[in-house]
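The structure file start.txt is reproduced below (compact mmCIF, C-alpha atoms).
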# COMPACT_ATOMS: atom_id res chain seq x y z
CA MET A 1 -14.49 13.34 29.30
CA LYS A 2 -16.80 11.72 31.86
CA ARG A 3 -16.18 8.00 32.12
CA SER A 4 -19.77 6.91 31.44
CA PHE A 5 -20.01 9.25 28.45
CA ALA A 6 -16.69 7.98 27.03
CA ILE A 7 -17.74 4.36 27.52
CA ALA A 8 -21.00 5.03 25.66
CA LYS A 9 -19.02 6.62 22.84
CA VAL A 10 -16.70 3.62 22.58
CA ARG A 11 -19.70 1.31 22.51
CA SER A 12 -21.28 3.32 19.70
CA CYS A 13 -18.02 3.13 17.74
CA LEU A 14 -17.90 -0.65 18.21
CA ALA A 15 -21.52 -0.95 17.12
CA ALA A 16 -20.72 1.05 13.98
CA ILE A 17 -17.81 -1.17 12.93
CA LYS A 18 -19.20 -4.54 14.04
CA LEU A 19 -22.79 -4.59 12.97
CA ASP A 20 -23.21 -8.20 14.11
CA ILE A 21 -21.93 -7.61 17.62
CA ASP A 22 -24.16 -8.15 20.70
CA LEU A 23 -22.81 -5.34 22.84
CA ASP A 24 -25.03 -6.30 25.77
CA ALA A 25 -22.91 -9.44 26.09
CA VAL A 26 -19.68 -7.43 26.16
CA GLY A 27 -18.67 -5.99 29.52
CA ASP A 28 -16.55 -2.88 29.90
CA ASP A 29 -13.70 -5.14 31.02
CA THR A 30 -14.23 -7.98 28.51
CA PRO A 31 -10.89 -8.65 26.77
CA LEU A 32 -11.81 -7.62 23.22
CA LEU A 33 -8.88 -9.05 21.28
CA GLU A 34 -8.44 -12.18 23.41
CA GLU A 35 -12.11 -13.09 23.07
CA ARG A 36 -12.13 -12.10 19.41
CA VAL A 37 -14.87 -9.53 19.84
CA ILE A 38 -12.63 -7.54 17.51
CA THR A 39 -9.45 -8.46 15.62
CA SER A 40 -6.40 -6.38 14.85
CA PHE A 41 -7.91 -5.93 11.37
CA ASP A 42 -10.94 -4.13 12.86
CA VAL A 43 -8.76 -1.56 14.57
CA LEU A 44 -8.43 0.62 11.44
CA ASP A 45 -12.18 1.32 11.32
CA LEU A 46 -12.37 1.70 15.07
CA ILE A 47 -9.59 4.30 15.08
CA LEU A 48 -11.27 6.38 12.38
CA HIS A 49 -14.48 6.41 14.45
CA LEU A 50 -12.59 7.27 17.63
CA GLU A 51 -10.81 10.11 15.82
CA GLN A 52 -14.17 11.44 14.68
CA VAL A 53 -15.56 11.28 18.23
CA SER A 54 -12.50 12.81 19.89
CA GLY A 55 -11.78 15.34 17.14
CA ARG A 56 -8.09 14.55 17.10
CA SER A 57 -5.69 12.18 15.39
CA ILE A 58 -4.45 9.15 17.20
CA ARG A 59 -0.73 8.88 17.83
CA ARG A 60 1.13 5.96 16.31
CA THR A 61 2.51 5.01 19.72
CA GLN A 62 -1.04 4.37 20.91
CA LEU A 63 -1.54 1.63 18.32
CA VAL A 64 -0.52 -1.36 20.41
CA PRO A 65 -2.73 -4.28 21.44
CA GLY A 66 -2.76 -3.08 25.07
CA SER A 67 -4.61 0.09 24.05
CA PHE A 68 -7.52 -2.03 22.81
CA ARG A 69 -7.65 -4.47 25.73
CA ASP A 70 -11.25 -3.64 26.67
CA ILE A 71 -13.86 -0.89 26.37
CA GLU A 72 -12.70 0.76 29.57
CA THR A 73 -9.11 0.96 28.33
CA ILE A 74 -10.10 2.32 24.92
CA ALA A 75 -12.15 5.03 26.62
CA ARG A 76 -9.22 5.96 28.83
CA VAL A 77 -6.49 5.85 26.18
CA PHE A 78 -8.30 7.44 23.25
CA LEU A 79 -11.05 9.56 24.81
CA ASN A 80 -9.24 10.59 27.97
CA ALA A 81 -12.02 9.12 30.11
CA GLU A 82 -11.75 10.13 33.73
CA VAL A 83 -10.73 7.20 35.90
CA ASN A 84 -13.17 8.21 38.67
CA GLU A 85 -16.34 10.15 38.05
CA MET B 1 7.96 -27.71 -5.45
CA SER B 2 11.26 -29.27 -4.35
CA GLN B 3 13.89 -27.37 -2.36
CA ILE B 4 16.22 -27.56 -5.38
CA ASP B 5 13.61 -26.03 -7.69
CA PHE B 6 12.85 -23.35 -5.15
CA ASP B 7 16.52 -22.48 -4.68
CA GLN B 8 16.95 -22.25 -8.45
CA LEU B 9 14.04 -19.85 -8.66
CA LEU B 10 15.53 -17.73 -5.85
CA ALA B 11 18.92 -17.62 -7.59
CA LYS B 12 17.26 -16.54 -10.82
CA LEU B 13 15.21 -13.83 -9.11
CA SER B 14 18.34 -12.54 -7.33
CA ALA B 15 20.21 -12.38 -10.64
CA VAL B 16 17.41 -10.39 -12.30
CA SER B 17 17.25 -8.00 -9.34
CA GLU B 18 20.99 -7.39 -9.68
CA GLU B 19 20.82 -6.87 -13.45
CA GLU B 20 17.72 -4.70 -13.55
CA PHE B 21 18.37 -2.32 -10.69
CA ILE B 22 16.29 0.87 -11.05
CA ASP B 23 17.86 4.01 -9.62
CA PRO B 24 15.30 6.24 -7.83
CA GLY B 25 17.43 9.28 -8.74
CA THR B 26 16.45 8.98 -12.40
CA LEU B 27 12.81 9.93 -11.85
CA GLU B 28 11.89 13.41 -13.13
CA TRP B 29 9.77 15.35 -10.69
CA PRO B 30 7.66 18.28 -11.97
CA ALA B 31 8.03 21.40 -9.82
CA GLU B 32 4.39 21.52 -8.84
CA VAL B 33 0.97 19.93 -9.16
CA ASP B 34 -0.83 20.46 -12.45
CA PRO B 35 -4.49 21.16 -11.53
CA ASP B 36 -5.59 20.03 -14.99
CA ALA B 37 -3.99 16.60 -14.68
CA TRP B 38 -5.34 13.33 -13.38
CA TYR B 39 -3.21 11.66 -10.71
CA PHE B 40 -5.27 8.51 -10.30
CA THR B 41 -7.26 6.59 -12.89
CA PRO B 42 -10.81 7.94 -12.44
CA GLU B 43 -12.41 4.50 -12.63
CA LEU B 44 -10.18 3.32 -9.76
CA ILE B 45 -10.99 6.22 -7.44
CA SER B 46 -12.73 4.89 -4.35
CA LEU B 47 -15.79 7.11 -4.84
CA TYR B 48 -16.12 6.42 -8.57
CA GLY B 49 -19.74 5.88 -9.57
CA SER B 50 -21.13 6.94 -6.18
CA ASP B 51 -23.70 9.71 -5.74
CA ILE B 52 -21.02 12.06 -4.44
CA TRP B 53 -18.85 11.30 -7.50
CA GLU B 54 -21.73 12.09 -9.82
CA SER B 55 -22.23 15.43 -8.07
CA MET B 56 -18.61 16.53 -8.58
CA ASP B 57 -17.37 18.53 -11.55
CA GLU B 58 -14.17 17.56 -13.37
CA ALA B 59 -11.94 19.95 -11.41
CA GLN B 60 -13.16 18.44 -8.11
CA ARG B 61 -12.65 14.93 -9.43
CA LYS B 62 -9.09 15.79 -10.46
CA ARG B 63 -8.43 17.23 -7.02
CA LEU B 64 -9.70 14.00 -5.51
CA SER B 65 -7.49 12.02 -7.90
CA LEU B 66 -4.46 13.73 -6.31
CA THR B 67 -5.46 12.92 -2.74
CA GLU B 68 -6.36 9.35 -3.77
CA ALA B 69 -2.85 9.01 -5.23
CA VAL B 70 -1.39 10.29 -1.95
CA ASN B 71 -3.53 7.78 -0.06
CA PHE B 72 -2.48 4.95 -2.39
CA PHE B 73 1.19 5.81 -2.05
CA SER B 74 0.82 6.28 1.72
CA LEU B 75 -0.74 2.87 2.23
CA ASN B 76 2.06 1.41 0.14
CA ILE B 77 4.67 3.15 2.27
CA HIS B 78 3.15 1.75 5.46
CA GLY B 79 2.72 -1.72 3.97
CA GLU B 80 6.31 -1.79 2.77
CA LYS B 81 7.65 -0.37 6.02
CA TYR B 82 5.97 -3.23 7.86
CA LEU B 83 7.17 -5.95 5.51
CA ILE B 84 10.72 -4.60 5.51
CA SER B 85 10.85 -4.79 9.31
CA GLU B 86 9.28 -8.26 9.38
CA ILE B 87 11.49 -9.68 6.64
CA SER B 88 14.65 -8.08 7.99
CA ARG B 89 14.35 -9.78 11.35
CA ARG B 90 14.05 -13.14 9.60
CA LEU B 91 17.17 -12.74 7.44
CA TYR B 92 19.92 -15.27 8.05
CA THR B 93 18.11 -16.99 10.89
CA GLY B 94 18.30 -20.48 9.37
CA GLU B 95 20.09 -22.55 6.79
CA GLU B 96 18.25 -21.10 3.82
CA SER B 97 20.95 -18.75 2.56
CA GLU B 98 19.54 -18.57 -0.98
CA LEU B 99 16.28 -17.37 0.54
CA SER B 100 18.03 -14.71 2.59
CA ARG B 101 20.06 -13.64 -0.44
CA TYR B 102 16.88 -13.01 -2.43
CA LEU B 103 15.06 -11.40 0.49
CA LEU B 104 17.85 -8.82 0.73
CA HIS B 105 16.94 -7.75 -2.82
CA PHE B 106 13.29 -7.80 -1.85
CA VAL B 107 13.97 -5.44 1.07
CA ASP B 108 16.22 -3.25 -1.07
CA GLU B 109 13.55 -2.88 -3.75
CA GLU B 110 10.83 -2.13 -1.25
CA THR B 111 13.03 0.54 0.34
CA ARG B 112 13.51 2.23 -3.03
CA HIS B 113 9.77 2.05 -3.71
CA MET B 114 9.20 4.01 -0.51
CA MET B 115 11.51 6.71 -1.92
CA TYR B 116 9.25 7.12 -4.97
CA PHE B 117 6.07 7.06 -2.97
CA SER B 118 7.23 9.38 -0.21
CA GLY B 119 8.88 11.66 -2.80
CA PHE B 120 5.51 12.15 -4.46
CA CYS B 121 3.60 12.65 -1.20
CA ARG B 122 6.09 15.14 0.22
CA ARG B 123 6.38 17.18 -2.96
CA TYR B 124 2.74 17.45 -3.94
CA ALA B 125 0.79 17.06 -0.72
CA GLU B 126 3.38 17.81 1.98
CA LYS B 127 2.05 14.84 3.90
CA ILE B 128 1.88 11.10 4.12
CA TYR B 129 -1.41 9.87 5.51
CA PRO B 130 -0.85 8.24 8.90
CA ASP B 131 -0.60 4.54 9.46
CA ARG B 132 -3.69 3.43 11.38
CA THR B 133 -2.96 -0.27 11.22
CA MET B 134 -2.19 -2.44 14.19
CA HIS B 135 -0.50 -5.72 13.51
CA GLY B 136 -1.32 -8.85 15.45
CA GLU B 137 1.19 -10.72 17.52
CA ASP B 138 3.11 -13.77 16.33
CA SER B 139 1.65 -17.21 17.00
CA GLY B 140 4.93 -18.59 18.31
CA ASP B 141 5.26 -21.01 15.39
CA ALA B 142 8.05 -19.37 13.37
CA GLU B 143 7.36 -21.21 10.13
CA LEU B 144 3.62 -20.59 10.29
CA ASP B 145 4.20 -16.90 11.01
CA MET B 146 6.58 -16.64 8.06
CA PHE B 147 4.00 -18.32 5.85
CA LEU B 148 1.24 -15.97 7.01
CA LEU B 149 3.50 -12.95 6.54
CA PHE B 150 4.12 -13.81 2.89
CA ALA B 151 0.49 -14.78 2.33
CA ARG B 152 -0.54 -11.34 3.57
CA ILE B 153 2.18 -9.67 1.49
CA ASN B 154 0.92 -11.58 -1.54
CA VAL B 155 -2.68 -10.41 -1.03
CA PHE B 156 -1.51 -6.82 -0.52
CA GLU B 157 0.77 -6.84 -3.57
CA GLU B 158 -1.72 -8.51 -5.91
CA ILE B 159 -4.24 -5.75 -5.30
CA VAL B 160 -1.65 -2.97 -5.49
CA ASP B 161 -0.32 -4.44 -8.73
CA HIS B 162 -3.79 -4.40 -10.25
CA TYR B 163 -3.79 -0.62 -9.73
CA ASN B 164 -0.15 -0.22 -10.85
CA ARG B 165 -0.74 -2.08 -14.09
CA ILE B 166 -3.70 0.06 -15.08
CA MET B 167 -2.20 3.38 -14.03
CA ALA B 168 1.16 2.69 -15.68
CA LYS B 169 -0.66 2.64 -19.02
CA ASP B 170 -3.28 5.33 -18.43
CA LYS B 171 -2.27 8.22 -20.70
CA ARG B 172 -4.70 10.55 -18.94
CA LEU B 173 -2.43 10.56 -15.87
CA ALA B 174 0.45 12.90 -15.08
CA PRO B 175 3.67 11.28 -16.42
CA VAL B 176 5.30 11.13 -12.99
CA VAL B 177 2.42 9.03 -11.65
CA ARG B 178 2.50 6.71 -14.64
CA GLU B 179 6.23 6.21 -14.18
CA ILE B 180 6.00 5.47 -10.44
CA ASN B 181 3.30 2.91 -11.13
CA ARG B 182 5.31 1.40 -13.99
CA ILE B 183 8.48 1.00 -11.94
CA HIS B 184 6.57 -0.49 -9.06
CA HIS B 185 4.77 -2.91 -11.34
CA VAL B 186 8.02 -4.11 -12.97
CA GLU B 187 9.70 -4.87 -9.66
CA GLU B 188 6.62 -6.23 -7.97
CA LEU B 189 6.25 -8.86 -10.68
CA ARG B 190 9.31 -10.57 -9.22
CA HIS B 191 7.94 -10.26 -5.70
CA LEU B 192 4.64 -11.76 -6.82
CA ASN B 193 6.46 -14.60 -8.56
CA PHE B 194 8.47 -15.22 -5.41
CA GLY B 195 5.42 -14.97 -3.14
CA ARG B 196 3.32 -17.45 -5.09
CA ASN B 197 6.14 -19.99 -5.23
CA PHE B 198 7.07 -19.49 -1.59
CA LEU B 199 3.50 -20.22 -0.50
CA LYS B 200 3.34 -23.32 -2.69
CA HIS B 201 6.71 -24.47 -1.37
CA CYS B 202 5.56 -24.07 2.26
CA LEU B 203 2.26 -25.84 1.65
CA ASP B 204 4.07 -28.75 0.00
CA ARG B 205 6.37 -29.03 3.00
CA HIS B 206 3.48 -29.03 5.43
CA ILE B 207 1.03 -31.12 3.50
CA ASP B 208 0.88 -33.68 6.30
CA ASP B 209 1.24 -31.63 9.46
CA TRP B 210 -1.10 -28.70 8.70
CA ASP B 211 -4.47 -30.35 9.20
CA ASN B 212 -7.84 -29.15 7.92
CA ALA B 213 -8.54 -27.12 11.05
CA ARG B 214 -5.27 -25.25 10.68
CA ARG B 215 -5.86 -24.66 6.98
CA GLN B 216 -9.32 -23.28 7.79
CA GLU B 217 -7.70 -20.92 10.31
CA LEU B 218 -5.35 -19.73 7.57
CA ARG B 219 -8.28 -19.12 5.24
CA ASN B 220 -10.18 -17.18 7.90
CA HIS B 221 -7.12 -15.08 8.66
CA LEU B 222 -6.49 -14.23 5.01
CA SER B 223 -10.13 -13.53 4.33
CA SER B 224 -10.15 -10.97 7.19
CA TYR B 225 -6.86 -9.55 5.99
CA LEU B 226 -8.25 -9.10 2.47
CA GLN B 227 -11.13 -7.02 3.83
CA PHE B 228 -8.66 -5.03 5.90
CA VAL B 229 -6.50 -4.28 2.84
CA TRP B 230 -9.47 -2.93 0.95
CA LYS B 231 -10.51 -0.72 3.87
CA GLN B 232 -7.28 1.21 3.45
CA TYR B 233 -8.36 2.35 0.01
CA TYR B 234 -11.15 4.42 1.62
CA ASN B 235 -9.75 7.32 3.63
CA PRO B 236 -11.91 10.15 5.01
CA GLU B 237 -8.83 12.35 5.33
CA ALA B 238 -8.21 12.08 1.59
CA TYR B 239 -11.83 13.05 0.94
CA GLN B 240 -11.53 16.00 3.30
CA ASP B 241 -8.30 17.17 1.65
CA ALA B 242 -10.05 17.02 -1.71
CA GLY B 243 -12.61 19.51 -0.39
CA ILE B 244 -15.48 17.07 0.06
CA ASP B 245 -18.00 18.17 2.69
CA GLU B 246 -18.99 15.72 5.42
CA ALA B 247 -15.98 13.58 4.53
CA PHE B 248 -16.50 11.19 7.43
CA GLU B 249 -20.11 10.51 6.42
CA VAL B 250 -19.00 10.01 2.81
CA TRP B 251 -16.40 7.52 4.06
CA ARG B 252 -18.97 5.66 6.19
CA VAL B 253 -20.99 4.70 3.15
CA ALA B 254 -18.34 4.67 0.41
CA ALA B 255 -17.13 1.09 0.79
CA ASN B 256 -20.66 -0.31 0.78
CA ALA B 257 -21.81 1.47 -2.38
CA PRO B 258 -22.85 -1.14 -4.99
CA GLY B 259 -20.20 0.03 -7.47
CA ALA B 260 -17.46 -0.21 -4.85
CA VAL B 261 -18.50 -3.74 -3.83
CA GLN B 262 -18.58 -4.81 -7.47
CA HIS B 263 -15.15 -3.28 -8.11
CA ARG B 264 -13.57 -5.13 -5.19
CA ASN B 265 -15.19 -8.40 -6.21
CA GLU B 266 -13.88 -8.04 -9.75
CA VAL B 267 -10.34 -7.30 -8.59
CA ASN B 268 -10.44 -10.17 -6.08
CA GLN B 269 -11.73 -12.51 -8.75
CA LYS B 270 -9.06 -11.46 -11.22
CA ARG B 271 -6.03 -11.20 -8.97
CA LEU B 272 -6.47 -13.74 -6.19
CA SER B 273 -7.21 -16.87 -8.19
CA TYR B 274 -3.81 -18.35 -7.33
CA LEU B 275 -4.54 -18.11 -3.60
CA ARG B 276 -7.91 -19.75 -4.19
CA LYS B 277 -6.19 -22.49 -6.18
CA LEU B 278 -3.95 -23.13 -3.16
CA HIS B 279 -7.14 -23.17 -1.00
CA LEU B 280 -5.86 -20.19 0.95
CA LEU B 281 -8.96 -18.18 0.15
CA GLU B 282 -12.52 -19.38 -0.15
CA ALA B 283 -13.86 -19.82 -3.66
CA ALA B 284 -15.30 -16.57 -5.01

Could you render the structure from this file as structure tokens?
Amino acid sequence: MKRSFAIAKVRSCLAAIKLDIDLDAVGDDTPLLEERVITSFDVLDLILHLEQVSGRSIRRTQLVPGSFRDIETIARVFLNAEVNE
Amino acid sequence: MSQIDFDQLLAKLSAVSEEEFIDPGTLEWPAEVDPDAWYFTPELISLYGSDIWESMDEAQRKRLSLTEAVNFFSLNIHGEKYLISEISRRLYTGEESELSRYLLHFVDEETRHMMYFSGFCRRYAEKIYPDRTMHGEDSGDAELDMFLLFARINVFEEIVDHYNRIMAKDKRLAPVVREINRIHHVEELRHLNFGRNFLKHCLDRHIDDWDNARRQELRNHLSSYLQFVWKQYYNPEAYQDAGIDEAFEVWRVAANAPGAVQHRNEVNQKRLSYLRKLHLLEAA
């Protein structure tokens, strides 16, 4: 999946689970868990949205905090975003 | 609660666990699913009262009751798996041997519960819904982390027990489901008793060194965890397996339906009053 497309998909998933989030203030490399943009409790909803977007189930081994570090990482880990377009 | 009182409670709970051991091998498993049976109390089904529920006929609702039961048992399996691993690594790490002695029973009972739950899921659905939870990292304060672990366990078990209690008595349900819920309810009563007293014991010990800011952090954490627990009761995969079209869209709106919100509020009000009394959850 093209990087920019994957990033947009991740952003739409985040918008769907965090209705109060100002995504314009969140960079692609903003540390999501560290800065409490999301918490580990939000991950359940996020995963279900990512599964819907990608059309495949997420593997248990992917469910570690590092996979949710930032938008860029989520796009790469869960939507197979290309590193370079 | 003094250490002596707490140790006496632990000794008593250990003794009851030893005397009232329930053997998972005694459960009678029907050979196959009965399509005419209910497997989950209709009023507890996550879509109960919604537009989609109203559009379903009884056969579809019964099919959904089976996948809701599989979801309920799956979320219990994953919850218990997590608590077993977290409790196990804390066994015999300090001087509190009476605590470790009881926690061994706790772990043993939770392991046997997973046998019932997974036995049902494997036999009648050939699947356990996947664990989509990610647990946060420890704070580094061992005692605080232990406290939070048991506070979360208490929230999880109070809600599960609300369902167990009702389904154990619901004569509309398949006998095997009633029995699993009954057994779980009986053993969880001890865990709930332990959990409530453990939390009180910890709070008494830390009355001076856990300031208001820390207590507010605890409340925020548990409030988020409570919402997270409820989210697990809504599973698009269970809706899809029940033959519901557009299962993901159904899931997206299910938890916010007025009936669903009211149901959760009623259960929270009924089952979490002790945590509110300890000021671990905000007043309802």

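You can rank B:Pro175, B:Pro236, B:Gly49, B:Gly140 by their closest distance to Glu249 in chain B using all atoms listed in the file, and at the top of that list sits B:Pro236.
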
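The nearest approach to Gly66 in chain A among the residues A:Asp45, A:Glu51, A:Asp20, A:Glu34, with only C-alpha atoms taken into account, belongs to A:Glu34.
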
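Take CA of Ala260 in chain B and CA of Ser46 in chain B: the distance between them is 7.0 Å.
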
Residue with the minimum atom-to-atom distance to Gln62 in chain A, picked from B:Ala59, B:Met134, B:Leu192, B:Ile77 with only C-alpha atoms counted, is B:Met134

For chain B against chain A, with a cut-off of 10 Å and counting all atoms listed in the file, what is the closest atom pair and its distance in Å to one decimal for every residue that makes the cut, ordered by chain and number, as a tab-separated table?
residue	atom	partner	partner_atom	distance
B:Pro130	CA	A:Arg60	CA	8.0
B:Asp131	CA	A:Arg60	CA	7.2
B:Arg132	CA	A:Leu44	CA	5.5
B:Thr133	CA	A:Leu44	CA	5.5
B:Met134	CA	A:Ser40	CA	5.8
B:His135	CA	A:Ser40	CA	6.1
B:Gly136	CA	A:Ser40	CA	5.7
B:Glu137	CA	A:Pro65	CA	8.5
B:His221	CA	A:Phe41	CA	9.6
B:Ser224	CA	A:Phe41	CA	6.9
B:Tyr225	CA	A:Phe41	CA	6.6
B:Leu226	CA	A:Phe41	CA	9.5
B:Gln227	CA	A:Phe41	CA	8.3
B:Phe228	CA	A:Phe41	CA	5.6
B:Val229	CA	A:Phe41	CA	8.8
B:Lys231	CA	A:Asp45	CA	7.9
B:Gln232	CA	A:Leu44	CA	8.1
B:Asn235	CA	A:Leu48	CA	8.9
B:Pro236	CA	A:Leu48	CA	8.3
B:Glu237	CA	A:Leu48	CA	9.6
B:Phe248	CA	A:Gln52	CA	7.6
B:Trp251	CA	A:Leu48	CA	9.8
B:Arg252	CA	A:Ala16	CA	9.2

Excluding Leu148 in chain B and its own-chain neighbours fewer than 3 positions away, which residues fall within 9 Å of it when counting only C-alpha atoms? Please give them as an MDAnalysis selection string.
chainID B and resid 143:145 151:153 199 218 221:222

Quote the spacing between CA of Leu99 in chain B and CA of Tyr163 in chain B in Å to one decimal place.
28.1 Å

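Across the structure, CA of Lys200 in chain B and CA of Leu13 in chain B are spaced 16.5 Å apart.
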
Nearby residues (only C-alpha atoms) at most 10 Å from Glu187 in chain B, same-chain spacing under 2 positions excluded, as a list in words:
Val16, Ser17, Glu20, Phe21, Ile22, Phe106, Glu109, Glu110, His113, Arg182, Ile183, His184, His185, Leu189, Arg190, His191 and Leu192 of chain B

Using only C-alpha atoms, determine which residues lie at most 6 Å from range 279-283 of chain B, disregarding the query and same-chain residues fewer than 3 positions distant; provide the list as a PyMOL selection string.
chain B and resi 219+275-276
